[in-house]
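Colleague: Data file run.txt (compact mmCIF, C-alpha atoms and all ligand atoms) is appended below.
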```
# COMPACT_ATOMS: atom_id res chain seq x y z
CA MET W 29 19.52 19.58 -10.25
CA ASN W 30 16.19 21.19 -11.06
CA ASN W 31 17.16 23.95 -8.64
CA SER W 32 16.09 26.60 -11.04
CA GLY W 33 13.31 24.89 -12.93
CA ARG W 34 9.81 23.63 -12.36
CA TYR W 35 10.72 22.08 -8.99
CA LYS W 36 12.92 24.88 -7.69
CA LYS W 37 11.36 25.09 -4.21
CA SER W 38 11.08 21.32 -3.88
CA TYR W 39 14.81 20.78 -4.38
CA LYS W 40 15.76 23.70 -2.18
CA LEU W 41 13.69 22.13 0.59
CA TRP W 42 15.15 18.72 -0.20
CA GLU W 43 18.70 19.98 0.50
CA LYS W 44 17.63 20.95 4.00
CA ALA W 45 15.45 17.88 4.56
CA ASN W 46 18.28 15.60 3.55
CA LYS W 47 20.48 17.13 6.25
CA LEU W 48 17.86 17.01 8.99
CA LEU W 49 15.72 13.94 8.34
CA LEU W 50 17.09 10.41 8.20
CA ASN W 51 17.01 9.55 4.48
CA GLY W 52 15.47 13.00 3.92
CA VAL W 53 11.97 11.50 4.10
CA LEU W 54 9.60 9.83 6.53
CA THR W 55 8.97 6.84 4.29
CA LEU W 56 11.40 5.69 1.62
CA SER W 57 8.58 5.38 -0.91
CA LYS W 58 8.43 9.18 -0.97
CA SER W 59 12.14 9.61 -1.55
CA PRO W 60 12.98 11.36 -4.82
CA LEU W 61 15.70 8.72 -5.25
CA GLY W 62 12.97 6.10 -5.67
CA ILE W 63 10.88 8.28 -7.99
CA GLY W 64 13.79 9.69 -9.98
CA TYR W 65 15.95 12.42 -8.43
CA GLY W 66 15.52 15.67 -10.33
CA THR W 67 12.69 14.30 -12.47
CA CYS W 68 9.92 14.78 -9.94
CA PRO W 69 8.61 17.14 -7.27
CA VAL W 70 9.70 16.28 -3.71
CA PHE W 71 7.38 18.30 -1.50
CA ALA W 72 3.61 18.63 -1.58
CA GLU W 73 1.97 21.74 -0.19
CA LYS W 74 -1.75 21.01 -0.22
CA ALA W 75 -4.24 18.48 -1.53
CA LYS W 76 -7.96 18.39 -2.26
CA GLY W 77 -10.09 15.67 -3.85
CA ALA W 78 -8.15 13.85 -6.55
CA TYR W 79 -5.43 16.51 -6.74
CA PHE W 80 -2.37 17.76 -4.92
CA TRP W 81 -0.13 20.76 -5.41
CA ASP W 82 3.65 20.66 -5.01
CA SER W 83 5.60 23.39 -3.22
CA ASP W 84 6.20 25.14 -6.52
CA GLY W 85 2.45 25.41 -7.08
CA ASN W 86 2.13 22.75 -9.79
CA ARG W 87 -1.08 20.71 -9.67
CA TYR W 88 -1.28 16.94 -10.23
CA ILE W 89 -3.94 14.30 -10.62
CA ASP W 90 -2.86 12.04 -7.78
CA TYR W 91 -2.58 8.28 -8.35
CA PRO W 92 -0.18 7.22 -5.57
CA LEU W 93 -2.74 8.79 -3.18
CA ALA W 94 -0.28 8.98 -0.29
CA LEU W 95 0.63 5.30 -0.95
CA GLY W 96 -2.97 4.14 -0.70
CA PRO W 97 -4.77 5.64 2.31
CA ILE W 98 -6.76 8.30 0.48
CA ILE W 99 -9.82 6.36 -0.67
CA LEU W 100 -12.49 9.08 -0.67
CA GLY W 101 -10.30 11.99 -1.72
CA HIS W 102 -7.96 14.43 -0.04
CA ALA W 103 -9.47 16.69 2.64
CA TYR W 104 -12.83 14.97 2.23
CA ASP W 105 -15.34 17.31 3.85
CA GLU W 106 -17.60 14.78 5.58
CA VAL W 107 -14.70 12.93 7.15
CA ASP W 108 -12.99 16.12 8.24
CA LYS W 109 -16.25 17.36 9.73
CA ALA W 110 -16.52 14.21 11.86
CA VAL W 111 -12.91 14.71 12.92
CA LYS W 112 -13.50 18.35 13.88
CA LYS W 113 -16.56 17.37 15.89
CA GLN W 114 -14.47 14.88 17.85
CA MET W 115 -11.61 17.39 18.16
CA SER W 116 -13.85 19.79 20.03
CA LYS W 117 -14.46 17.05 22.63
CA GLY W 118 -10.81 16.03 23.05
CA ILE W 119 -8.70 13.64 21.07
CA LEU W 120 -7.33 11.15 23.59
CA TYR W 121 -8.81 10.32 26.98
CA SER W 122 -7.61 8.79 30.24
CA LEU W 123 -10.24 6.10 29.75
CA SER W 124 -11.63 4.18 26.81
CA ASN W 125 -14.37 5.66 24.66
CA ASN W 126 -17.41 4.06 23.08
CA ALA W 127 -16.27 5.06 19.57
CA GLU W 128 -13.61 2.31 19.84
CA VAL W 129 -16.34 -0.27 20.40
CA GLU W 130 -18.46 1.21 17.62
CA LEU W 131 -15.58 0.90 15.14
CA ALA W 132 -14.80 -2.65 16.29
CA GLU W 133 -18.42 -3.58 15.71
CA LEU W 134 -18.30 -2.09 12.20
CA LEU W 135 -15.19 -4.11 11.32
CA CYS W 136 -16.64 -7.33 12.72
CA ASP W 137 -19.70 -6.67 10.63
CA ILE W 138 -17.89 -6.28 7.31
CA VAL W 139 -14.68 -8.39 7.56
CA PRO W 140 -15.22 -12.18 7.49
CA SER W 141 -12.27 -13.04 9.77
CA ALA W 142 -12.99 -10.28 12.29
CA GLU W 143 -14.56 -11.39 15.55
CA ARG W 144 -12.27 -9.49 17.92
CA VAL W 145 -10.18 -6.45 17.10
CA ARG W 146 -7.27 -4.33 18.36
CA PHE W 147 -6.54 -0.88 16.94
CA LEU W 148 -3.02 0.40 16.38
CA LYS W 149 -1.50 3.19 14.35
CA SER W 150 0.47 1.75 11.43
CA GLY W 151 0.30 -1.23 9.13
CA SER W 152 3.67 -2.43 10.45
CA GLU W 153 2.30 -2.46 13.98
CA ALA W 154 -0.86 -4.35 13.03
CA MET W 155 1.18 -6.96 11.14
CA SER W 156 3.61 -7.31 14.04
CA ALA W 157 0.69 -7.81 16.43
CA ALA W 158 -0.74 -10.49 14.13
CA VAL W 159 2.59 -12.34 14.10
CA ARG W 160 2.88 -12.14 17.88
CA ILE W 161 -0.65 -13.47 18.31
CA ALA W 162 0.09 -16.34 15.91
CA ARG W 163 3.29 -17.26 17.76
CA ALA W 164 1.53 -17.07 21.11
CA TYR W 165 -1.39 -19.17 19.89
CA THR W 166 0.66 -21.91 18.21
CA GLY W 167 3.64 -21.90 20.56
CA LYS W 168 5.87 -21.91 17.45
CA GLU W 169 8.28 -19.25 16.19
CA ILE W 170 9.01 -19.53 12.48
CA VAL W 171 6.99 -17.51 9.99
CA ALA W 172 6.64 -18.16 6.26
CA VAL W 173 6.40 -14.80 4.54
CA CYS W 174 5.72 -13.52 1.05
CA GLY W 175 6.29 -9.87 0.17
CA TYR W 176 6.54 -6.58 2.08
CA HIS W 177 4.82 -6.14 5.44
CA GLY W 178 6.43 -3.12 7.08
CA TRP W 179 9.60 -2.24 8.93
CA HIS W 180 9.66 -4.19 12.21
CA ASP W 181 12.38 -6.69 13.10
CA TRP W 182 10.40 -9.86 12.37
CA THR W 183 9.77 -8.87 8.76
CA ILE W 184 13.02 -7.08 7.89
CA ALA W 185 15.35 -9.81 9.20
CA ARG W 186 15.90 -11.52 5.87
CA THR W 187 16.20 -8.46 3.68
CA ILE W 188 19.12 -6.58 2.24
CA LYS W 189 18.45 -3.68 4.64
CA ASN W 190 18.61 -5.69 7.86
CA ALA W 191 21.35 -3.79 9.67
CA GLY W 192 20.35 -3.38 13.30
CA VAL W 193 18.12 -6.44 13.28
CA PRO W 194 19.39 -9.32 15.46
CA LYS W 195 20.89 -12.02 13.23
CA ALA W 196 19.11 -14.67 15.31
CA LEU W 197 15.86 -13.63 13.65
CA ASN W 198 17.18 -14.82 10.27
CA ASN W 199 16.35 -18.34 11.36
CA LEU W 200 12.76 -17.42 12.07
CA VAL W 201 11.67 -15.89 8.76
CA PHE W 202 11.48 -17.78 5.47
CA GLU W 203 10.28 -16.39 2.17
CA PHE W 204 7.97 -18.21 -0.20
CA LYS W 205 6.93 -17.09 -3.66
CA TYR W 206 3.48 -15.88 -4.62
CA ASN W 207 1.60 -18.37 -6.80
CA ASP W 208 4.21 -21.04 -6.01
CA ILE W 209 2.69 -23.42 -3.50
CA GLU W 210 5.74 -25.70 -3.64
CA SER W 211 7.94 -22.92 -2.24
CA LEU W 212 5.62 -22.75 0.79
CA ILE W 213 5.47 -26.52 1.23
CA LYS W 214 9.28 -26.59 1.20
CA ILE W 215 9.39 -24.28 4.24
CA PHE W 216 7.12 -26.65 6.15
CA ASP W 217 9.14 -29.67 5.01
CA THR W 218 12.44 -28.20 6.16
CA ASN W 219 11.02 -26.89 9.47
CA PRO W 220 8.59 -29.59 10.57
CA GLY W 221 6.36 -28.59 13.50
CA LYS W 222 8.01 -25.18 13.80
CA VAL W 223 6.01 -22.81 11.59
CA ALA W 224 3.61 -20.52 13.46
CA ALA W 225 2.13 -18.61 10.55
CA VAL W 226 1.87 -18.17 6.81
CA ILE W 227 1.79 -14.48 5.93
CA LEU W 228 0.95 -12.90 2.62
CA GLU W 229 -0.93 -10.19 0.83
CA PRO W 230 -3.86 -12.07 -0.72
CA VAL W 231 -3.16 -10.26 -3.97
CA GLY W 232 -0.35 -7.92 -4.99
CA MET W 233 0.96 -7.25 -8.44
CA TYR W 234 -0.30 -10.56 -9.83
CA LEU W 235 -3.64 -12.30 -9.55
CA PRO W 236 -3.72 -15.51 -7.54
CA LYS W 237 -3.50 -18.46 -9.91
CA GLU W 238 -6.47 -20.73 -9.70
CA ASN W 239 -6.92 -21.96 -6.10
CA PHE W 240 -3.59 -20.56 -4.88
CA LEU W 241 -5.15 -18.87 -1.85
CA GLU W 242 -7.26 -21.94 -1.05
CA GLU W 243 -4.16 -24.12 -1.31
CA VAL W 244 -2.19 -21.80 0.97
CA ALA W 245 -5.03 -22.00 3.52
CA LEU W 246 -5.03 -25.80 3.28
CA VAL W 247 -1.26 -26.14 3.68
CA ALA W 248 -1.31 -23.82 6.71
CA LYS W 249 -4.18 -25.71 8.30
CA LYS W 250 -2.65 -29.12 7.66
CA ASN W 251 0.50 -27.99 9.46
CA ASN W 252 -1.29 -26.27 12.36
CA ALA W 253 0.00 -22.85 11.33
CA LEU W 254 -2.21 -19.78 11.26
CA LEU W 255 -3.00 -17.99 8.01
CA ILE W 256 -2.44 -14.23 8.21
CA PHE W 257 -3.64 -11.95 5.43
CA ASP W 258 -1.92 -8.59 5.13
CA GLU W 259 -4.84 -6.47 3.94
CA ILE W 260 -3.10 -3.14 4.49
CA ILE W 261 -3.53 -2.35 0.78
CA THR W 262 -6.39 -4.58 -0.29
CA GLY W 263 -8.56 -3.73 2.73
CA PHE W 264 -11.52 -1.44 1.95
CA ARG W 265 -10.33 -1.07 -1.64
CA LEU W 266 -10.79 -4.42 -3.35
CA ASP W 267 -13.94 -5.05 -1.36
CA LEU W 268 -15.41 -3.49 1.74
CA GLY W 269 -14.68 -6.79 3.50
CA GLY W 270 -11.18 -6.99 2.05
CA ALA W 271 -9.63 -9.49 -0.34
CA GLN W 272 -10.77 -12.27 2.01
CA LYS W 273 -14.36 -11.40 1.14
CA TYR W 274 -13.57 -10.91 -2.52
CA PHE W 275 -11.86 -14.31 -2.86
CA SER W 276 -13.98 -16.08 -0.24
CA VAL W 277 -10.92 -17.30 1.64
CA THR W 278 -11.08 -16.50 5.35
CA PRO W 279 -7.73 -16.24 7.17
CA ASP W 280 -7.26 -16.77 10.90
CA LEU W 281 -5.90 -13.27 11.44
CA SER W 282 -5.61 -10.19 9.27
CA ALA W 283 -4.28 -6.67 9.37
CA PHE W 284 -5.90 -3.53 8.00
CA GLY W 285 -4.67 0.06 7.75
CA LYS W 286 -4.20 2.60 4.94
CA ALA W 287 -7.65 3.26 3.42
CA MET W 288 -9.51 2.55 6.65
CA ALA W 289 -9.77 6.20 7.69
CA ASN W 290 -9.11 8.09 4.45
CA GLY W 291 -5.58 8.98 5.54
CA TYR W 292 -5.95 9.41 9.28
CA PRO W 293 -3.47 7.12 11.03
CA ILE W 294 -5.10 3.95 12.27
CA SER W 295 -4.64 0.24 11.71
CA ALA W 296 -6.25 -2.90 13.06
CA VAL W 297 -5.36 -6.48 13.74
CA VAL W 298 -8.46 -8.64 13.60
CA GLY W 299 -9.02 -12.32 14.15
CA LYS W 300 -11.19 -15.22 15.03
CA ARG W 301 -12.64 -15.17 18.52
CA GLU W 302 -11.22 -18.53 19.49
CA ILE W 303 -7.65 -17.39 18.70
CA MET W 304 -7.99 -13.96 20.29
CA ASN W 305 -9.54 -15.47 23.44
CA ALA W 306 -6.76 -18.04 23.76
CA VAL W 307 -3.94 -15.47 23.71
CA GLU W 308 -5.64 -12.61 25.52
CA GLU W 309 -4.08 -13.29 28.92
CA LYS W 310 -0.55 -13.97 27.71
CA VAL W 311 0.18 -11.67 24.80
CA PHE W 312 1.15 -8.01 25.24
CA ILE W 313 0.14 -5.41 22.66
CA SER W 314 -0.11 -1.81 23.78
CA SER W 315 -0.32 1.69 22.34
CA THR W 316 -0.84 5.05 24.06
CA TYR W 317 -2.23 6.40 20.81
CA GLY W 318 -4.26 3.30 19.95
CA GLY W 319 -7.36 5.06 21.26
CA GLU W 320 -6.70 8.35 19.45
CA LEU W 321 -10.19 9.47 18.61
CA LEU W 322 -9.71 11.68 15.55
CA SER W 323 -8.64 8.66 13.51
CA ILE W 324 -11.35 6.51 15.02
CA ALA W 325 -13.98 9.14 14.14
CA ALA W 326 -12.47 9.34 10.63
CA ALA W 327 -12.61 5.54 10.26
CA ILE W 328 -16.25 5.34 11.37
CA LYS W 329 -17.25 8.07 8.93
CA THR W 330 -15.12 6.65 6.09
CA ILE W 331 -16.56 3.15 6.47
CA ASP W 332 -20.05 4.60 6.69
CA ILE W 333 -19.53 6.39 3.34
CA LEU W 334 -17.92 3.31 1.77
CA LYS W 335 -20.96 1.27 2.77
CA LYS W 336 -23.64 3.72 1.70
CA ARG W 337 -22.28 5.00 -1.61
CA LYS W 338 -20.92 1.91 -3.35
CA VAL W 339 -17.44 3.42 -3.31
CA ASN W 340 -15.77 0.09 -4.12
CA GLU W 341 -17.82 -0.33 -7.28
CA TYR W 342 -16.91 3.19 -8.34
CA ILE W 343 -13.17 3.06 -7.70
CA LEU W 344 -12.84 -0.40 -9.22
CA SER W 345 -14.66 0.67 -12.36
CA LEU W 346 -12.43 3.73 -12.74
CA GLY W 347 -9.40 1.54 -11.96
CA LEU W 348 -10.42 -0.74 -14.80
CA LYS W 349 -10.93 2.23 -17.12
CA LEU W 350 -7.44 3.48 -16.29
CA LYS W 351 -5.86 0.05 -16.70
CA GLN W 352 -7.55 -0.59 -20.04
CA GLY W 353 -6.78 2.92 -21.28
CA LEU W 354 -3.10 2.61 -20.35
CA ASN W 355 -2.86 -0.80 -21.96
CA ASP W 356 -4.53 0.49 -25.15
CA ALA W 357 -2.12 3.43 -25.21
CA ALA W 358 0.81 1.04 -24.67
CA LYS W 359 -0.36 -1.20 -27.49
CA GLU W 360 -0.75 1.71 -29.83
CA SER W 361 2.73 2.99 -29.03
CA GLY W 362 4.30 -0.41 -29.67
CA ILE W 363 6.41 0.02 -26.50
CA ASP W 364 6.70 -3.10 -24.36
CA VAL W 365 4.90 -1.84 -21.28
CA MET W 366 1.88 -3.31 -19.49
CA CYS W 367 -0.43 -2.02 -16.82
CA GLU W 368 -0.56 -4.96 -14.38
CA GLY W 369 -2.35 -5.74 -11.15
CA MET W 370 -5.91 -6.01 -9.98
CA VAL W 371 -7.78 -2.79 -10.49
CA HIS W 372 -7.68 -1.68 -6.83
CA LYS W 373 -3.96 -1.05 -7.42
CA THR W 374 -2.22 -1.15 -10.76
CA PHE W 375 1.39 -0.80 -11.83
CA LEU W 376 3.15 -0.03 -15.08
CA VAL W 377 5.73 -2.66 -15.94
CA PHE W 378 8.21 -1.55 -18.59
CA LYS W 379 10.47 -3.98 -20.41
CA GLU W 380 13.91 -3.14 -21.72
CA ALA W 381 13.71 -1.94 -25.32
CA ALA W 382 16.46 -1.33 -27.89
CA GLY W 383 19.10 -1.51 -25.16
CA VAL W 384 17.27 1.08 -23.01
CA SER W 385 16.70 -0.18 -19.46
CA GLU W 386 13.20 -0.55 -18.05
CA GLU W 387 14.19 1.78 -15.19
CA LEU W 388 15.17 4.55 -17.61
CA LEU W 389 11.98 4.11 -19.63
CA GLU W 390 9.84 4.18 -16.50
CA THR W 391 11.60 7.24 -15.04
CA VAL W 392 11.27 9.20 -18.28
CA PHE W 393 7.62 8.19 -18.58
CA ARG W 394 6.85 9.37 -15.04
CA GLN W 395 8.92 12.55 -15.49
CA GLU W 396 6.96 13.56 -18.58
CA CYS W 397 3.57 12.69 -17.06
CA LEU W 398 4.45 14.81 -14.00
CA VAL W 399 5.37 17.75 -16.23
CA ARG W 400 1.87 17.39 -17.69
CA GLY W 401 0.25 17.37 -14.24
CA VAL W 402 -0.38 13.65 -13.80
CA PHE W 403 1.41 11.51 -11.18
CA LEU W 404 1.28 8.18 -13.02
CA GLY W 405 3.66 5.26 -13.08
CA TYR W 406 4.18 4.80 -9.33
CA GLY W 407 1.48 2.40 -8.13
CA HIS W 408 -1.95 3.65 -9.14
CA PHE W 409 -4.85 3.93 -6.74
CA ILE W 410 -8.19 5.60 -7.41
CA SER W 411 -10.22 7.71 -4.98
CA PHE W 412 -13.94 8.41 -4.90
CA SER W 413 -13.06 11.99 -5.94
CA HIS W 414 -11.44 10.97 -9.25
CA THR W 415 -13.79 11.52 -12.17
CA PRO W 416 -14.02 9.71 -15.52
CA LYS W 417 -12.71 12.97 -17.00
CA ASP W 418 -9.59 12.77 -14.82
CA ILE W 419 -9.01 9.23 -16.06
CA ASP W 420 -9.53 10.19 -19.72
CA HIS W 421 -7.14 13.10 -19.35
CA SER W 422 -4.54 10.89 -17.66
CA ILE W 423 -4.77 8.28 -20.43
CA ALA W 424 -4.37 11.01 -23.05
CA VAL W 425 -1.26 12.28 -21.25
CA ALA W 426 0.16 8.75 -20.97
CA SER W 427 -0.49 8.23 -24.66
CA GLU W 428 1.25 11.47 -25.61
CA VAL W 429 4.26 10.60 -23.42
CA LEU W 430 4.53 7.07 -24.82
CA GLY W 431 4.54 8.64 -28.28
CA ILE W 432 7.48 10.85 -27.27
CA ILE W 433 9.36 7.85 -25.87
CA LYS W 434 8.64 5.82 -28.98
CA ASN W 435 10.12 8.57 -31.10
CA ALA W 436 13.17 8.80 -28.86
CA LEU W 437 13.62 5.03 -29.02
CA LYS W 438 13.54 5.29 -32.80
CA HIS W 439 16.27 7.92 -32.75
CA GLY W 440 18.27 6.23 -29.98
CA ASN W 441 18.14 9.26 -27.69
CA VAL W 442 15.86 8.33 -24.76
CA GLU W 443 18.58 9.22 -22.27
CA SER W 444 18.64 12.80 -23.53
CA LEU W 445 15.03 13.19 -22.33
CA LEU W 446 16.01 12.44 -18.73
CA LYS W 447 16.15 15.61 -16.60
CA GLY W 448 17.61 13.95 -13.51
CA LYS W 449 18.58 10.49 -12.34
CA VAL W 450 17.03 7.13 -13.02
CA ALA W 451 14.82 5.90 -10.15
CA ILE W 452 16.38 3.30 -7.88
CA ASP W 453 14.69 0.54 -5.90
CA VAL W 454 14.44 1.83 -2.33
CA LEU W 455 12.38 -0.95 -0.73
CA PRO W 456 14.12 -3.71 1.24
CA LYS W 457 14.30 -6.81 -0.97
CA ARG W 458 14.02 -10.13 0.84
CA TYR W 459 16.53 -12.95 0.38
C1 LIG F 1 1.24 -4.69 2.11
C2 LIG F 1 1.78 -3.78 3.18
N1 LIG F 1 1.86 -4.23 4.43
C3 LIG F 1 2.31 -3.46 5.44
C4 LIG F 1 2.72 -2.16 5.19
C5 LIG F 1 3.24 -1.32 6.32
O1 LIG F 1 2.34 -0.31 6.63
P1 LIG F 1 2.84 1.02 7.37
O2 LIG F 1 3.74 1.74 6.41
O3 LIG F 1 1.57 1.76 7.66
O4 LIG F 1 3.56 0.61 8.60
C6 LIG F 1 2.66 -1.65 3.90
C7 LIG F 1 3.10 -0.28 3.59
O5 LIG F 1 3.18 0.16 2.49
C8 LIG F 1 2.17 -2.48 2.86
O6 LIG F 1 2.10 -2.05 1.59
```
I'd like the structure from this file rewritten - as structure tokens, please.

Modeller:
Amino acid sequence: MNNSGRYKKSYKLWEKANKLLLNGVLTLSKSPLGIGYGTCPVFAEKAKGAYFWDSDGNRYIDYPLALGPIILGHAYDEVDKAVKKQMSKGILYSLSNNAEVELAELLCDIVPSAERVRFLKSGSEAMSAAVRIARAYTGKEIVAVCGYHGWHDWTIARTIKNAGVPKALNNLVFEFKYNDIESLIKIFDTNPGKVAAVILEPVGMYLPKENFLEEVALVAKKNNALLIFDEIITGFRLDLGGAQKYFSVTPDLSAFGKAMANGYPISAVVGKREIMNAVEEKVFISSTYGGELLSIAAAIKTIDILKKRKVNEYILSLGLKLKQGLNDAAKESGIDVMCEGMVHKTFLVFKEAAGVSEELLETVFRQECLVRGVFLGYGHFISFSHTPKDIDHSIAVASEVLGIIKNALKHGNVESLLKGKVAIDVLPKRY
């Protein structure tokens, strides 16, 4: 499929990757199966600013932005310069380095819940550390969870991809629904005195209904459970101080990652001093690469730029422009599709139309945008390198593609537009 066309090299590489790499990819979100096998490029070759080039040399305006980390732009010169400067002095020492303290101080300065900090490498690690701290602090084991938080045992237990995770953990993880406070209260009611933490992304696809976050904080407090915000996506994007600053709801613990260092691998678990002090002697969190200095240098420089240049204002205003433009284009086309989400990350939500599934509509939409050099329709982020012109162009492309789909819907031949397979859901759904 597509072996001879626009993505010839990508699919040739994919054949080999699929044999050698588990699942063919390093994160399922990059799997062509989840984007639409045969309808999309698989391999990227280089990236700069708001753009990347696939292995066949096609250029794209990048909206997934490596699933969120790229906040300033790909290969951002000032960050890379700071990294190179550190590189010339060594990247990992036998002792600690002051840059770790400097970065901790920066985080404590900007994040309301941060009084003590530990750096790790991935979002999954930071979230796992937060859960361990909460269990250690409260002496309880059950966690009430909403949404995706990474791949470690504690979070994957009650999902459809839980092979290899001890079944015993099923009794320690319970899912509640976003914007449904009763579903959280029910977990406390059925497990009295046993819930260590309430864990959620402060905002995901939908806005918190009035007072939802405040109510969650109250319910957690009333039951002596800690409130953990997963700010892996919202952190540094929605506000420099995270969603907790934006919504003025301060959790006990929170986890940051992704945009913190413009793509260099680093994450952080942060929390209130009283909690961190209480568990310090009894909890074990360790990482050889936790003090890797290229990422720490990148984080210090990234946060410095975010602070000085009003990056949040800029990316949120372009996010709004994109969201409004896509919704206007959708309205004009008459197709039942909405751009949802807060403007730090938006999503296109298609609805079934004339017997054509939402998955088919979405895959065809993305396929045709990609052919026109725009990677839309797969979780949209904005970087400081995107320009209003990039956004205008992307909206024009989306509008043209929606027009094509509308026409195909009219003639009952949407399926004939599909050049590969319909995208499938690759993320582990919780039950
Ligand atoms: C909200 C959220 N939490 C946690 C994670 C896990 O982060 P990582 O993939 O860096 O382990 C992700 C990853 O996409 C995420 O979106």

Colleague: Pick from W:Lys149, W:Lys335, W:His414, W:Lys457: nearest to ligand LIG 1 (chain F), with all atoms listed in the file counted?

Modeller: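 Residue with the minimum atom-to-atom distance to ligand LIG 1 (chain F): W:Lys149.
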
Colleague: Write out as a PyMOL selection string the residues lying within 10 Å of stretch 94-108 of chain W, counting all atoms listed in the file and excluding same-chain residues fewer than 5 positions away.

Modeller: chain W and resi 55+57-58+74-80+113-114+260-262+264-265+285-293+322-323+325-334+339-340+343+372-373+406-414

Colleague: Let me make sure I understand: among W:Val145, W:Leu445, W:Ala451, W:Val159, which one has the smallest atom-to-atom distance to W:Glu130 if we use all atoms listed in the file?

Modeller: W:Val145

Colleague: Mind giving me the straight-line distance from atom CA of W:Leu50 to atom CA of W:Lys447 in Å, one decimal?

Modeller: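 That distance, rounded to one decimal, is 25.4 Å.
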
Colleague: Can you tell me which residues come within 7 Å of ligand LIG 1 (chain F) when counting only C-alpha atoms and all ligand atoms, ideally as a PDB file with C-alpha atoms, in the frame of the given file?

Modeller:
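Below is the file pocket09.pdb, written as the result:
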```pdb
ATOM      1  CA  LEU W  95       0.630   5.300  -0.950  1.00  0.00           C
ATOM      2  CA  SER W 150       0.470   1.750  11.430  1.00  0.00           C
ATOM      3  CA  GLY W 151       0.300  -1.230   9.130  1.00  0.00           C
ATOM      4  CA  SER W 152       3.670  -2.430  10.450  1.00  0.00           C
ATOM      5  CA  GLU W 153       2.300  -2.460  13.980  1.00  0.00           C
ATOM      6  CA  MET W 155       1.180  -6.960  11.140  1.00  0.00           C
ATOM      7  CA  TYR W 176       6.540  -6.580   2.080  1.00  0.00           C
ATOM      8  CA  HIS W 177       4.820  -6.140   5.440  1.00  0.00           C
ATOM      9  CA  GLY W 178       6.430  -3.120   7.080  1.00  0.00           C
ATOM     10  CA  TRP W 179       9.600  -2.240   8.930  1.00  0.00           C
ATOM     11  CA  GLU W 229      -0.930 -10.190   0.830  1.00  0.00           C
ATOM     12  CA  ASP W 258      -1.920  -8.590   5.130  1.00  0.00           C
ATOM     13  CA  GLU W 259      -4.840  -6.470   3.940  1.00  0.00           C
ATOM     14  CA  ILE W 260      -3.100  -3.140   4.490  1.00  0.00           C
ATOM     15  CA  ILE W 261      -3.530  -2.350   0.780  1.00  0.00           C
ATOM     16  CA  GLY W 285      -4.670   0.060   7.750  1.00  0.00           C
ATOM     17  CA  LYS W 286      -4.200   2.600   4.940  1.00  0.00           C
TER      18      LYS W 286
END
```

Colleague: Using only C-alpha atoms, which of W:Phe216, W:Phe393, W:Tyr342, W:Phe375 sits nearest W:Pro416?

Modeller: W:Tyr342

Colleague: Applying 12 Å and all atoms listed in the file, which residues near W:Val365 remain after dropping the ones on its own chain fewer than 5 positions away? List them as a PyMOL selection string.

Modeller: chain W and resi 351+354-360+375-381+386-387+389-390+393+405+426-427+430+433-434

Colleague: Nearest to W:Ser38 among W:Asn252, W:Asn86, W:Asn51, W:Asn435, with distances taken over only C-alpha atoms: which residue is it?

Modeller: W:Asn86

Colleague: When distances are computed from all atoms listed in the file, which of W:Val231, W:Ile324, W:Leu266, W:Leu197 shows the smallest separation from W:Glu128?

Modeller: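 Answer, going by the shortest atom-to-atom distance: W:Ile324.
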
Colleague: Please indicate the distance in Å from atom CA of W:Asp280 to atom CA of W:Leu148, rounded to one decimal place.

Modeller: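 Computing the Euclidean distance for atom CA of W:Asp280 and atom CA of W:Leu148 yields 18.5 Å.
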